[in-house]
file input_11.cif (mmCIF, N, CA and C atoms)
data_model
#
loop_
_atom_site.label_atom_id
_atom_site.label_comp_id
_atom_site.auth_asym_id
_atom_site.auth_seq_id
_atom_site.Cartn_x
_atom_site.Cartn_y
_atom_site.Cartn_z
N LEU A 483 113.89 94.63 145.14
CA LEU A 483 113.77 94.73 143.69
C LEU A 483 112.56 95.59 143.34
N HIS A 484 112.71 96.42 142.33
CA HIS A 484 111.61 97.25 141.85
C HIS A 484 111.33 96.95 140.38
N HIS A 485 110.06 96.98 140.02
CA HIS A 485 109.64 96.79 138.63
C HIS A 485 109.54 98.13 137.92
N GLU A 486 109.87 98.11 136.62
CA GLU A 486 109.71 99.29 135.77
C GLU A 486 109.19 98.80 134.41
N LEU A 487 107.93 99.00 134.15
CA LEU A 487 107.29 98.61 132.90
C LEU A 487 107.77 99.54 131.79
N GLU A 488 108.17 98.97 130.65
CA GLU A 488 108.65 99.81 129.55
C GLU A 488 108.32 99.17 128.20
N LEU A 489 108.18 100.02 127.19
CA LEU A 489 108.11 99.55 125.81
C LEU A 489 109.54 99.30 125.36
N GLY A 490 109.78 98.13 124.80
CA GLY A 490 111.10 97.81 124.26
C GLY A 490 111.08 97.97 122.75
N VAL A 491 112.13 98.57 122.21
CA VAL A 491 112.28 98.76 120.77
C VAL A 491 113.42 97.84 120.32
N ILE A 492 113.12 96.96 119.37
CA ILE A 492 114.10 95.99 118.90
C ILE A 492 114.65 96.47 117.55
N ILE A 493 115.95 96.63 117.52
CA ILE A 493 116.61 97.21 116.34
C ILE A 493 116.76 96.16 115.25
N GLY A 494 116.49 96.57 114.01
CA GLY A 494 116.57 95.66 112.87
C GLY A 494 117.76 95.92 111.96
N LYS A 495 118.21 97.18 111.90
CA LYS A 495 119.35 97.54 111.05
C LYS A 495 120.30 98.44 111.85
N LYS A 496 121.58 98.34 111.52
CA LYS A 496 122.59 99.15 112.19
C LYS A 496 122.22 100.63 112.09
N MET A 497 122.39 101.33 113.22
CA MET A 497 122.06 102.76 113.27
C MET A 497 123.18 103.55 113.91
N THR A 498 123.65 104.55 113.20
CA THR A 498 124.60 105.53 113.73
C THR A 498 124.15 106.89 113.23
N LYS A 499 123.91 107.79 114.16
CA LYS A 499 123.51 109.17 113.83
C LYS A 499 122.32 109.21 112.85
N VAL A 500 121.26 108.50 113.20
CA VAL A 500 120.06 108.42 112.37
C VAL A 500 119.08 109.51 112.79
N SER A 501 118.48 110.18 111.80
CA SER A 501 117.49 111.22 112.09
C SER A 501 116.18 110.56 112.51
N LYS A 502 115.37 111.31 113.27
CA LYS A 502 114.11 110.73 113.73
C LYS A 502 113.19 110.38 112.57
N GLU A 503 113.34 111.07 111.46
CA GLU A 503 112.52 110.75 110.28
C GLU A 503 112.87 109.38 109.70
N ASP A 504 114.09 108.91 109.93
CA ASP A 504 114.54 107.63 109.36
C ASP A 504 114.56 106.48 110.37
N VAL A 505 114.30 106.77 111.62
CA VAL A 505 114.43 105.76 112.67
C VAL A 505 113.58 104.53 112.41
N MET A 506 112.31 104.70 112.10
CA MET A 506 111.41 103.55 112.01
C MET A 506 111.79 102.58 110.89
N ALA A 507 112.52 103.04 109.90
CA ALA A 507 113.00 102.16 108.83
C ALA A 507 114.08 101.21 109.34
N HIS A 508 114.62 101.48 110.52
CA HIS A 508 115.68 100.67 111.11
C HIS A 508 115.18 99.79 112.28
N VAL A 509 113.92 99.93 112.62
CA VAL A 509 113.35 99.19 113.75
C VAL A 509 112.71 97.89 113.25
N ALA A 510 113.02 96.78 113.92
CA ALA A 510 112.44 95.49 113.54
C ALA A 510 111.09 95.27 114.20
N GLY A 511 110.98 95.73 115.46
CA GLY A 511 109.73 95.51 116.17
C GLY A 511 109.79 96.00 117.60
N PHE A 512 108.85 95.49 118.38
CA PHE A 512 108.67 95.97 119.75
C PHE A 512 108.41 94.79 120.68
N SER A 513 108.51 95.07 121.95
CA SER A 513 108.14 94.12 122.98
C SER A 513 107.81 94.91 124.24
N VAL A 514 107.08 94.31 125.13
CA VAL A 514 106.90 94.90 126.44
C VAL A 514 108.02 94.34 127.31
N THR A 515 108.59 95.18 128.15
CA THR A 515 109.70 94.74 129.00
C THR A 515 109.45 95.16 130.45
N ILE A 516 110.09 94.44 131.35
CA ILE A 516 110.12 94.84 132.74
C ILE A 516 111.59 95.02 133.12
N ASP A 517 111.96 96.26 133.33
CA ASP A 517 113.31 96.59 133.78
C ASP A 517 113.30 96.43 135.30
N VAL A 518 114.11 95.52 135.80
CA VAL A 518 114.16 95.24 137.23
C VAL A 518 115.39 95.93 137.81
N THR A 519 115.18 96.68 138.89
CA THR A 519 116.27 97.40 139.53
C THR A 519 116.43 96.93 140.98
N CYS A 520 117.65 96.63 141.34
CA CYS A 520 117.98 96.23 142.71
C CYS A 520 118.26 97.53 143.48
N ARG A 521 117.23 98.07 144.14
CA ARG A 521 117.34 99.39 144.77
C ARG A 521 118.38 99.44 145.88
N ASP A 522 118.50 98.38 146.68
CA ASP A 522 119.48 98.46 147.76
C ASP A 522 120.90 98.54 147.22
N LEU A 523 121.18 97.80 146.15
CA LEU A 523 122.50 97.88 145.51
C LEU A 523 122.70 99.25 144.88
N GLN A 524 121.65 99.77 144.25
CA GLN A 524 121.72 101.10 143.63
C GLN A 524 122.06 102.16 144.69
N GLU A 525 121.36 102.12 145.81
CA GLU A 525 121.60 103.11 146.88
C GLU A 525 122.99 102.96 147.48
N GLN A 526 123.44 101.71 147.63
CA GLN A 526 124.79 101.46 148.16
C GLN A 526 125.84 102.06 147.22
N CYS A 527 125.69 101.82 145.94
CA CYS A 527 126.64 102.35 144.96
C CYS A 527 126.63 103.88 144.96
N LYS A 528 125.44 104.46 145.03
CA LYS A 528 125.35 105.92 145.06
C LYS A 528 126.05 106.47 146.30
N ALA A 529 125.82 105.85 147.45
CA ALA A 529 126.43 106.30 148.70
C ALA A 529 127.95 106.21 148.64
N GLU A 530 128.45 105.20 147.94
CA GLU A 530 129.89 105.00 147.82
C GLU A 530 130.46 105.75 146.62
N ARG A 531 129.61 106.52 145.96
CA ARG A 531 130.00 107.30 144.78
C ARG A 531 130.60 106.41 143.69
N LYS A 532 129.94 105.26 143.49
CA LYS A 532 130.33 104.31 142.46
C LYS A 532 129.24 104.27 141.40
N PRO A 533 129.57 103.84 140.19
CA PRO A 533 128.54 103.70 139.16
C PRO A 533 127.45 102.73 139.64
N TRP A 534 126.20 103.13 139.50
CA TRP A 534 125.10 102.28 139.98
C TRP A 534 124.39 101.52 138.87
N SER A 535 124.91 101.59 137.66
CA SER A 535 124.27 100.88 136.55
C SER A 535 124.24 99.36 136.80
N ILE A 536 125.15 98.85 137.63
CA ILE A 536 125.15 97.43 137.94
C ILE A 536 123.83 96.98 138.55
N SER A 537 123.13 97.90 139.22
CA SER A 537 121.86 97.55 139.87
C SER A 537 120.77 97.20 138.87
N LYS A 538 121.00 97.49 137.59
CA LYS A 538 120.04 97.18 136.53
C LYS A 538 120.55 96.08 135.59
N CYS A 539 121.74 95.57 135.85
CA CYS A 539 122.38 94.67 134.89
C CYS A 539 122.59 93.25 135.40
N LEU A 540 121.94 92.89 136.47
CA LEU A 540 122.12 91.56 137.02
C LEU A 540 121.36 90.52 136.19
N ASP A 541 121.81 89.29 136.26
CA ASP A 541 121.13 88.22 135.53
C ASP A 541 119.65 88.21 135.87
N THR A 542 118.82 88.01 134.89
CA THR A 542 117.35 87.92 134.96
C THR A 542 116.68 89.26 135.25
N HIS A 543 117.38 90.37 135.15
CA HIS A 543 116.80 91.66 135.50
C HIS A 543 116.17 92.40 134.33
N CYS A 544 115.90 91.72 133.25
CA CYS A 544 115.19 92.35 132.13
C CYS A 544 114.28 91.31 131.50
N ALA A 545 113.03 91.30 131.94
CA ALA A 545 112.06 90.38 131.36
C ALA A 545 111.55 90.98 130.05
N VAL A 546 111.54 90.19 129.00
CA VAL A 546 111.13 90.66 127.67
C VAL A 546 109.99 89.78 127.17
N GLY A 547 108.91 90.43 126.74
CA GLY A 547 107.75 89.72 126.23
C GLY A 547 107.92 89.30 124.79
N PRO A 548 106.84 88.91 124.15
CA PRO A 548 106.91 88.44 122.76
C PRO A 548 107.29 89.56 121.79
N PHE A 549 107.94 89.16 120.71
CA PHE A 549 108.33 90.08 119.63
C PHE A 549 107.10 90.45 118.82
N ILE A 550 106.92 91.74 118.58
CA ILE A 550 105.82 92.22 117.75
C ILE A 550 106.44 92.99 116.58
N PRO A 551 106.27 92.52 115.34
CA PRO A 551 106.87 93.20 114.19
C PRO A 551 106.41 94.66 114.09
N VAL A 552 107.30 95.48 113.57
CA VAL A 552 107.04 96.92 113.51
C VAL A 552 105.74 97.24 112.76
N ASP A 553 105.39 96.44 111.76
CA ASP A 553 104.18 96.72 110.99
C ASP A 553 102.89 96.22 111.66
N LYS A 554 103.02 95.61 112.84
CA LYS A 554 101.85 95.07 113.54
C LYS A 554 101.48 95.86 114.79
N LEU A 555 102.16 96.98 115.04
CA LEU A 555 101.91 97.73 116.26
C LEU A 555 102.01 99.22 116.00
N VAL A 556 101.01 99.96 116.43
CA VAL A 556 101.06 101.43 116.40
C VAL A 556 101.75 101.83 117.70
N HIS A 557 103.07 102.00 117.61
CA HIS A 557 103.90 102.16 118.80
C HIS A 557 103.60 103.40 119.62
N ASN A 558 102.98 104.40 119.02
CA ASN A 558 102.72 105.64 119.76
C ASN A 558 101.33 105.68 120.39
N ASN A 559 100.69 104.50 120.51
CA ASN A 559 99.39 104.43 121.17
C ASN A 559 99.16 103.01 121.71
N VAL A 560 100.03 102.61 122.65
CA VAL A 560 99.95 101.27 123.23
C VAL A 560 99.65 101.40 124.72
N GLU A 561 98.55 100.81 125.12
CA GLU A 561 98.22 100.77 126.54
C GLU A 561 98.99 99.62 127.16
N MET A 562 99.63 99.87 128.32
CA MET A 562 100.38 98.84 129.02
C MET A 562 100.00 98.86 130.50
N ILE A 563 99.82 97.67 131.06
CA ILE A 563 99.43 97.55 132.46
C ILE A 563 100.33 96.51 133.12
N LEU A 564 100.89 96.85 134.27
CA LEU A 564 101.67 95.90 135.06
C LEU A 564 100.95 95.68 136.37
N LYS A 565 100.79 94.41 136.73
CA LYS A 565 100.14 94.05 138.00
C LYS A 565 101.10 93.23 138.84
N VAL A 566 101.03 93.45 140.14
CA VAL A 566 101.75 92.62 141.10
C VAL A 566 100.69 91.96 141.98
N ASN A 567 100.66 90.63 141.94
CA ASN A 567 99.66 89.86 142.68
C ASN A 567 98.23 90.32 142.38
N GLY A 568 97.98 90.63 141.09
CA GLY A 568 96.65 91.02 140.64
C GLY A 568 96.30 92.48 140.83
N GLU A 569 97.14 93.25 141.50
CA GLU A 569 96.87 94.67 141.75
C GLU A 569 97.62 95.53 140.74
N VAL A 570 96.90 96.42 140.06
CA VAL A 570 97.52 97.31 139.07
C VAL A 570 98.51 98.23 139.77
N LYS A 571 99.74 98.21 139.30
CA LYS A 571 100.79 99.07 139.84
C LYS A 571 101.24 100.12 138.84
N GLN A 572 101.22 99.76 137.56
CA GLN A 572 101.56 100.72 136.50
C GLN A 572 100.53 100.56 135.39
N HIS A 573 100.01 101.68 134.92
CA HIS A 573 99.03 101.70 133.84
C HIS A 573 99.30 102.96 133.03
N ALA A 574 99.70 102.78 131.78
CA ALA A 574 100.09 103.94 130.98
C ALA A 574 99.86 103.66 129.50
N ASN A 575 99.96 104.71 128.72
CA ASN A 575 99.86 104.61 127.27
C ASN A 575 101.09 105.27 126.68
N THR A 576 101.64 104.66 125.65
CA THR A 576 102.86 105.21 125.04
C THR A 576 102.63 106.59 124.43
N LYS A 577 101.39 106.96 124.17
CA LYS A 577 101.13 108.31 123.62
C LYS A 577 101.48 109.39 124.64
N ASP A 578 101.65 109.01 125.92
CA ASP A 578 101.97 109.97 126.97
C ASP A 578 103.46 109.99 127.33
N MET A 579 104.28 109.27 126.56
CA MET A 579 105.71 109.25 126.84
C MET A 579 106.32 110.64 126.67
N LEU A 580 107.33 110.95 127.47
CA LEU A 580 108.01 112.24 127.35
C LEU A 580 108.68 112.41 126.00
N PHE A 581 109.27 111.32 125.49
CA PHE A 581 109.93 111.32 124.19
C PHE A 581 109.36 110.17 123.37
N ASP A 582 108.92 110.45 122.15
CA ASP A 582 108.41 109.35 121.33
C ASP A 582 109.59 108.50 120.84
N VAL A 583 109.28 107.34 120.29
CA VAL A 583 110.31 106.39 119.88
C VAL A 583 111.30 107.01 118.89
N PRO A 584 110.85 107.66 117.81
CA PRO A 584 111.84 108.23 116.88
C PRO A 584 112.78 109.25 117.54
N ALA A 585 112.25 110.12 118.39
CA ALA A 585 113.10 111.12 119.04
C ALA A 585 114.10 110.46 119.99
N LEU A 586 113.65 109.48 120.73
CA LEU A 586 114.52 108.79 121.68
C LEU A 586 115.65 108.05 120.95
N ILE A 587 115.29 107.31 119.91
CA ILE A 587 116.30 106.55 119.17
C ILE A 587 117.25 107.48 118.43
N GLU A 588 116.73 108.57 117.89
CA GLU A 588 117.61 109.56 117.24
C GLU A 588 118.67 110.04 118.24
N PHE A 589 118.25 110.39 119.45
CA PHE A 589 119.18 110.86 120.46
C PHE A 589 120.23 109.80 120.78
N VAL A 590 119.77 108.57 121.01
CA VAL A 590 120.70 107.50 121.36
C VAL A 590 121.74 107.31 120.27
N THR A 591 121.30 107.30 119.00
CA THR A 591 122.23 107.01 117.90
C THR A 591 123.20 108.16 117.61
N GLN A 592 123.00 109.29 118.22
CA GLN A 592 123.99 110.37 118.10
C GLN A 592 125.22 110.06 118.94
N HIS A 593 125.08 109.12 119.89
CA HIS A 593 126.15 108.81 120.83
C HIS A 593 126.57 107.34 120.83
N ILE A 594 125.65 106.45 120.46
CA ILE A 594 125.89 105.01 120.53
C ILE A 594 125.41 104.38 119.22
N THR A 595 126.22 103.50 118.66
CA THR A 595 125.78 102.74 117.49
C THR A 595 124.90 101.59 117.97
N LEU A 596 123.73 101.46 117.36
CA LEU A 596 122.82 100.36 117.67
C LEU A 596 122.93 99.32 116.56
N LEU A 597 122.90 98.05 116.96
CA LEU A 597 123.06 96.94 116.03
C LEU A 597 121.80 96.08 115.99
N PRO A 598 121.60 95.32 114.92
CA PRO A 598 120.44 94.45 114.84
C PRO A 598 120.36 93.55 116.07
N GLY A 599 119.16 93.49 116.64
CA GLY A 599 118.93 92.68 117.83
C GLY A 599 119.05 93.46 119.13
N ASP A 600 119.65 94.65 119.09
CA ASP A 600 119.72 95.47 120.30
C ASP A 600 118.32 95.82 120.77
N LEU A 601 118.18 95.94 122.08
CA LEU A 601 116.91 96.30 122.71
C LEU A 601 117.09 97.64 123.41
N VAL A 602 116.24 98.60 123.06
CA VAL A 602 116.26 99.90 123.71
C VAL A 602 114.97 100.02 124.51
N GLN A 603 115.12 100.23 125.82
CA GLN A 603 113.95 100.44 126.66
C GLN A 603 113.66 101.93 126.71
N THR A 604 112.38 102.27 126.65
CA THR A 604 111.98 103.67 126.41
C THR A 604 111.66 104.48 127.65
N GLY A 605 111.79 103.90 128.82
CA GLY A 605 111.49 104.63 130.04
C GLY A 605 110.19 104.14 130.66
N THR A 606 110.06 104.37 131.94
CA THR A 606 108.93 103.82 132.67
C THR A 606 107.95 104.90 133.11
N PRO A 607 106.67 104.58 133.13
CA PRO A 607 105.69 105.53 133.66
C PRO A 607 105.67 105.49 135.19
N GLU A 608 104.87 106.36 135.77
CA GLU A 608 104.75 106.37 137.23
C GLU A 608 104.23 105.04 137.74
N GLY A 609 104.50 104.77 139.00
CA GLY A 609 104.03 103.55 139.62
C GLY A 609 105.11 102.53 139.89
N VAL A 610 106.37 102.87 139.62
CA VAL A 610 107.48 101.97 139.91
C VAL A 610 107.39 101.57 141.38
N GLY A 611 107.60 100.30 141.65
CA GLY A 611 107.50 99.87 143.03
C GLY A 611 108.14 98.53 143.28
N PRO A 612 108.07 98.08 144.52
CA PRO A 612 108.77 96.86 144.92
C PRO A 612 108.09 95.58 144.46
N MET A 613 108.94 94.55 144.32
CA MET A 613 108.51 93.17 144.10
C MET A 613 109.19 92.34 145.17
N ASN A 614 108.49 91.34 145.66
CA ASN A 614 109.05 90.47 146.69
C ASN A 614 109.08 89.04 146.21
N VAL A 615 109.91 88.23 146.85
CA VAL A 615 109.98 86.80 146.52
C VAL A 615 108.57 86.22 146.62
N GLY A 616 108.16 85.51 145.57
CA GLY A 616 106.85 84.88 145.54
C GLY A 616 105.77 85.71 144.88
N ASP A 617 106.04 87.00 144.63
CA ASP A 617 105.05 87.83 143.94
C ASP A 617 104.85 87.33 142.51
N ILE A 618 103.63 87.50 142.03
CA ILE A 618 103.32 87.18 140.64
C ILE A 618 103.15 88.50 139.90
N VAL A 619 104.05 88.73 138.94
CA VAL A 619 104.05 89.98 138.18
C VAL A 619 103.57 89.66 136.77
N THR A 620 102.52 90.38 136.33
CA THR A 620 101.98 90.16 134.99
C THR A 620 101.90 91.48 134.24
N VAL A 621 101.94 91.37 132.94
CA VAL A 621 101.83 92.53 132.07
C VAL A 621 100.72 92.26 131.07
N ALA A 622 99.90 93.27 130.83
CA ALA A 622 98.83 93.18 129.85
C ALA A 622 98.83 94.47 129.05
N GLY A 623 98.16 94.43 127.94
CA GLY A 623 98.10 95.64 127.13
C GLY A 623 96.96 95.61 126.15
N GLY A 624 96.83 96.71 125.46
CA GLY A 624 95.77 96.87 124.49
C GLY A 624 96.15 96.37 123.13
N HIS A 625 97.10 95.45 123.03
CA HIS A 625 97.52 94.92 121.76
C HIS A 625 96.76 93.63 121.48
N PRO A 626 96.31 93.42 120.23
CA PRO A 626 95.52 92.24 119.94
C PRO A 626 96.26 90.91 120.16
N TRP A 627 97.59 90.94 120.24
CA TRP A 627 98.32 89.70 120.48
C TRP A 627 98.33 89.36 121.95
N GLY A 628 97.78 90.26 122.79
CA GLY A 628 97.57 89.94 124.19
C GLY A 628 98.74 90.14 125.12
N PHE A 629 99.72 90.94 124.75
CA PHE A 629 100.79 91.12 125.75
C PHE A 629 100.34 92.04 126.83
#

call {"tool": "encode", "arguments": {"input": "input_11.cif", "output": "structure tokens"}}
result
Amino acid sequence: LHHELELGVIIGKKMTKVSKEDVMAHVAGFSVTIDVTCRDLQEQCKAERKPWSISKCLDTHCAVGPFIPVDKLVHNNVEMILKVNGEVKQHANTKDMLFDVPALIEFVTQHITLLPGDLVQTGTPEGVGPMNVGDIVTVAGGHPWGF
């Protein structure tokens, strides 16, 4: 299993083909998430030329932190740190994301309708790595609510 630290965007209003200028009016809030990928299953599926999305969709493979309302977080400047057994494995700031939240959600809604309560993960920074049975995985950040 591999960890992937990500900012999660929680949708508040239905979105279809929304412009990036209007995206934030449809967002309810944010959360920190850990996207868990079963690498051996992913590689097996790739080798067999089968869809490998199942490697990210197993039960318990998306840890979601506390809900932070959209008006309580400056989403484009959030420091996030993931540790495994106390050792920093991922440390990033959302200001360094390849695509900011409005651009990413605009793109998604050109192809997929998002509904209230949907969670969109925004991608992971460098440092993705393995987790083993018994490891303690923690997430911290520069948010005053302490995630």

call {"tool": "resolve_selection", "arguments": {"input": "input_11.cif", "expression": "the PyMOL selection byres ((chain A and resi 612) around 8)", "output": "list in words"}}
result
Leu483, His484, His485, Val566, Gly609, Val610, Gly611, Met613, Asn614 and Val615 of chain A

call {"tool": "atom_distance", "arguments": {"input": "input_11.cif", "atom1": "CA of Glu569 (chain A)", "atom2": "atom N of Glu525 (chain A)"}}
result
25.9 Å

call {"tool": "residues_near_point", "arguments": {"input": "input_11.cif", "point": "(112.3, 111.6, 113.2)", "cutoff": "8 Å", "atoms": "all atoms listed in the file", "output": "CSV table (one decimal) with N, CA and C atoms, keeping the file's coordinate frame"}}
result
chain,number,residue,atom,x,y,z
A,500,VAL,N,121.3,108.5,113.2
A,500,VAL,CA,120.1,108.4,112.4
A,500,VAL,C,119.1,109.5,112.8
A,501,SER,N,118.5,110.2,111.8
A,501,SER,CA,117.5,111.2,112.1
A,501,SER,C,116.2,110.6,112.5
A,502,LYS,N,115.4,111.3,113.3
A,502,LYS,CA,114.1,110.7,113.7
A,502,LYS,C,113.2,110.4,112.6
A,503,GLU,N,113.3,111.1,111.5
A,503,GLU,CA,112.5,110.8,110.3
A,503,GLU,C,112.9,109.4,109.7
A,504,ASP,N,114.1,108.9,109.9
A,504,ASP,CA,114.5,107.6,109.4
A,504,ASP,C,114.6,106.5,110.4
A,505,VAL,N,114.3,106.8,111.6
A,505,VAL,CA,114.4,105.8,112.7
A,505,VAL,C,113.6,104.5,112.4
A,506,MET,N,112.3,104.7,112.1
A,506,MET,CA,111.4,103.6,112.0
A,506,MET,C,111.8,102.6,110.9
A,583,VAL,N,109.3,107.3,120.3
A,583,VAL,CA,110.3,106.4,119.9
A,583,VAL,C,111.3,107.0,118.9
A,584,PRO,N,110.8,107.7,117.8
A,584,PRO,CA,111.8,108.2,116.9
A,584,PRO,C,112.8,109.2,117.5
A,585,ALA,N,112.2,110.1,118.4
A,585,ALA,CA,113.1,111.1,119.0
A,585,ALA,C,114.1,110.5,120.0
A,586,LEU,N,113.6,109.5,120.7
A,586,LEU,CA,114.5,108.8,121.7
A,586,LEU,C,115.6,108.0,121.0
A,588,GLU,N,116.7,108.6,117.9
A,588,GLU,CA,117.6,109.6,117.2
A,588,GLU,C,118.7,110.0,118.2

call {"tool": "residues_near_point", "arguments": {"input": "input_11.cif", "point": "(106.5, 91.7, 116.5)", "cutoff": "8 Å", "atoms": "all atoms listed in the file", "output": "PyMOL selection string"}}
result
chain A and resi 510-513+548-555

call {"tool": "write_last_selection", "arguments": {"input": "input_11.cif", "atoms": "N, CA and C atoms", "output": "mmCIF file, in the coordinates of the input"}}
result
data_model
loop_
_atom_site.group_PDB
_atom_site.id
_atom_site.type_symbol
_atom_site.label_atom_id
_atom_site.label_comp_id
_atom_site.auth_asym_id
_atom_site.auth_seq_id
_atom_site.Cartn_x
_atom_site.Cartn_y
_atom_site.Cartn_z
ATOM 1 N N ALA A 510 113.020 96.780 113.920
ATOM 2 C CA ALA A 510 112.440 95.490 113.540
ATOM 3 C C ALA A 510 111.090 95.270 114.200
ATOM 4 N N GLY A 511 110.980 95.730 115.460
ATOM 5 C CA GLY A 511 109.730 95.510 116.170
ATOM 6 C C GLY A 511 109.790 96.000 117.600
ATOM 7 N N PHE A 512 108.850 95.490 118.380
ATOM 8 C CA PHE A 512 108.670 95.970 119.750
ATOM 9 C C PHE A 512 108.410 94.790 120.680
ATOM 10 N N SER A 513 108.510 95.070 121.950
ATOM 11 C CA SER A 513 108.140 94.120 122.980
ATOM 12 C C SER A 513 107.810 94.910 124.240
ATOM 13 N N PRO A 548 106.840 88.910 124.150
ATOM 14 C CA PRO A 548 106.910 88.440 122.760
ATOM 15 C C PRO A 548 107.290 89.560 121.790
ATOM 16 N N PHE A 549 107.940 89.160 120.710
ATOM 17 C CA PHE A 549 108.330 90.080 119.630
ATOM 18 C C PHE A 549 107.100 90.450 118.820
ATOM 19 N N ILE A 550 106.920 91.740 118.580
ATOM 20 C CA ILE A 550 105.820 92.220 117.750
ATOM 21 C C ILE A 550 106.440 92.990 116.580
ATOM 22 N N PRO A 551 106.270 92.520 115.340
ATOM 23 C CA PRO A 551 106.870 93.200 114.190
ATOM 24 C C PRO A 551 106.410 94.660 114.090
ATOM 25 N N VAL A 552 107.300 95.480 113.570
ATOM 26 C CA VAL A 552 107.040 96.920 113.510
ATOM 27 C C VAL A 552 105.740 97.240 112.760
ATOM 28 N N ASP A 553 105.390 96.440 111.760
ATOM 29 C CA ASP A 553 104.180 96.720 110.990
ATOM 30 C C ASP A 553 102.890 96.220 111.660
ATOM 31 N N LYS A 554 103.020 95.610 112.840
ATOM 32 C CA LYS A 554 101.850 95.070 113.540
ATOM 33 C C LYS A 554 101.480 95.860 114.790
ATOM 34 N N LEU A 555 102.160 96.980 115.040
ATOM 35 C CA LEU A 555 101.910 97.730 116.260
ATOM 36 C C LEU A 555 102.010 99.220 116.000
#

call {"tool": "atom_distance", "arguments": {"input": "input_11.cif", "atom1": "CA of Gln603 (chain A)", "atom2": "CA of Glu530 (chain A)"}}
result
26.9 Å

call {"tool": "atom_distance", "arguments": {"input": "input_11.cif", "atom1": "CA of Thr595 (chain A)", "atom2": "atom N of Val491 (chain A)"}}
result
15.0 Å

call {"tool": "resolve_selection", "arguments": {"input": "input_11.cif", "expression": "the PyMOL selection byres ((chain A and resi 514-519) around 6)", "output": "PyMOL selection string"}}
result
chain A and resi 483-490+512-513+520-521+537-538+543-548

call {"tool": "residues_around", "arguments": {"input": "input_11.cif", "residues": "Pro607 (chain A)", "least_positions_apart": "3", "cutoff": "10 Å", "atoms": "only C-alpha atoms", "output": "list of chain:residue names"}}
result
A:Glu486, A:Leu487, A:Glu488, A:Met562, A:Gln572, A:His573, A:Ala574, A:Asn575, A:Thr576, A:Asp578, A:Met579, A:Leu580, A:Thr604, A:Val610

call {"tool": "select_by_dssp", "arguments": {"input": "input_11.cif", "residues": "chain A", "states": "alpha helix (DSSP H)", "output": "ChimeraX atom specification"}}
result
/A:521-529,583-591

call {"tool": "closest_residue", "arguments": {"input": "input_11.cif", "among": "A:Ile493, A:Ile587, A:Leu564, A:Cys539", "to": "Leu601 (chain A)", "atoms": "all atoms listed in the file"}}
result
A:Ile493

call {"tool": "residues_around", "arguments": {"input": "input_11.cif", "residues": "Lys577 (chain A)", "least_positions_apart": "4", "cutoff": "7 Å", "atoms": "only N, CA and C atoms", "output": "MDAnalysis selection string"}}
result
chainID A and resid 557:561

call {"tool": "closest_residue", "arguments": {"input": "input_11.cif", "among": "A:Val556, A:Ala622, A:Ile563, A:Leu597", "to": "Met497 (chain A)", "atoms": "only C-alpha atoms"}}
result
A:Leu597

call {"tool": "select_by_dssp", "arguments": {"input": "input_11.cif", "residues": "chain A", "states": "strand (DSSP E or B)", "output": "PyMOL selection string"}}
result
chain A and resi 484-493+497+509-519+544-546+550-551+561-566+569-575+596+601-603+611-612+619-623

call {"tool": "closest_residue", "arguments": {"input": "input_11.cif", "among": "A:Leu540, A:Val570, A:Ala507, A:Ala529", "to": "Val619 (chain A)", "atoms": "only C-alpha atoms"}}
result
A:Val570

call {"tool": "decode", "arguments": {"input": "input_11.cif", "residues": "region 492-499 of chain A", "atoms": "N, CA, C and O atoms", "output": "PDB file, in the first residue's frame"}}
result
ATOM      1  N   ILE A 492     -14.702  19.479  -1.145  1.00  0.00           N
ATOM      2  CA  ILE A 492     -16.028  18.938  -0.911  1.00  0.00           C
ATOM      3  C   ILE A 492     -17.053  19.842  -1.598  1.00  0.00           C
ATOM      4  O   ILE A 492     -17.116  21.044  -1.337  1.00  0.00           O
ATOM      5  N   ILE A 493     -17.810  19.235  -2.479  1.00  0.00           N
ATOM      6  CA  ILE A 493     -18.750  19.986  -3.320  1.00  0.00           C
ATOM      7  C   ILE A 493     -20.012  20.323  -2.525  1.00  0.00           C
ATOM      8  O   ILE A 493     -20.558  19.479  -1.805  1.00  0.00           O
ATOM      9  N   GLY A 494     -20.489  21.558  -2.691  1.00  0.00           N
ATOM     10  CA  GLY A 494     -21.679  22.019  -1.985  1.00  0.00           C
ATOM     11  C   GLY A 494     -22.903  22.161  -2.865  1.00  0.00           C
ATOM     12  O   GLY A 494     -24.033  22.012  -2.401  1.00  0.00           O
ATOM     13  N   LYS A 495     -22.689  22.453  -4.161  1.00  0.00           N
ATOM     14  CA  LYS A 495     -23.800  22.626  -5.098  1.00  0.00           C
ATOM     15  C   LYS A 495     -23.483  21.864  -6.384  1.00  0.00           C
ATOM     16  O   LYS A 495     -22.323  21.740  -6.771  1.00  0.00           O
ATOM     17  N   LYS A 496     -24.533  21.387  -7.039  1.00  0.00           N
ATOM     18  CA  LYS A 496     -24.375  20.660  -8.292  1.00  0.00           C
ATOM     19  C   LYS A 496     -23.577  21.503  -9.288  1.00  0.00           C
ATOM     20  O   LYS A 496     -23.804  22.711  -9.422  1.00  0.00           O
ATOM     21  N   MET A 497     -22.644  20.835  -9.972  1.00  0.00           N
ATOM     22  CA  MET A 497     -21.799  21.529 -10.949  1.00  0.00           C
ATOM     23  C   MET A 497     -21.738  20.745 -12.250  1.00  0.00           C
ATOM     24  O   MET A 497     -21.374  19.574 -12.257  1.00  0.00           O
ATOM     25  N   THR A 498     -22.068  21.415 -13.333  1.00  0.00           N
ATOM     26  CA  THR A 498     -21.890  20.888 -14.682  1.00  0.00           C
ATOM     27  C   THR A 498     -21.364  22.033 -15.540  1.00  0.00           C
ATOM     28  O   THR A 498     -21.974  23.102 -15.593  1.00  0.00           O
ATOM     29  N   LYS A 499     -20.213  21.813 -16.144  1.00  0.00           N
ATOM     30  CA  LYS A 499     -19.600  22.807 -17.036  1.00  0.00           C
ATOM     31  C   LYS A 499     -19.496  24.196 -16.373  1.00  0.00           C
ATOM     32  O   LYS A 499     -19.924  25.199 -16.917  1.00  0.00           O
TER      33      LYS A 499
END
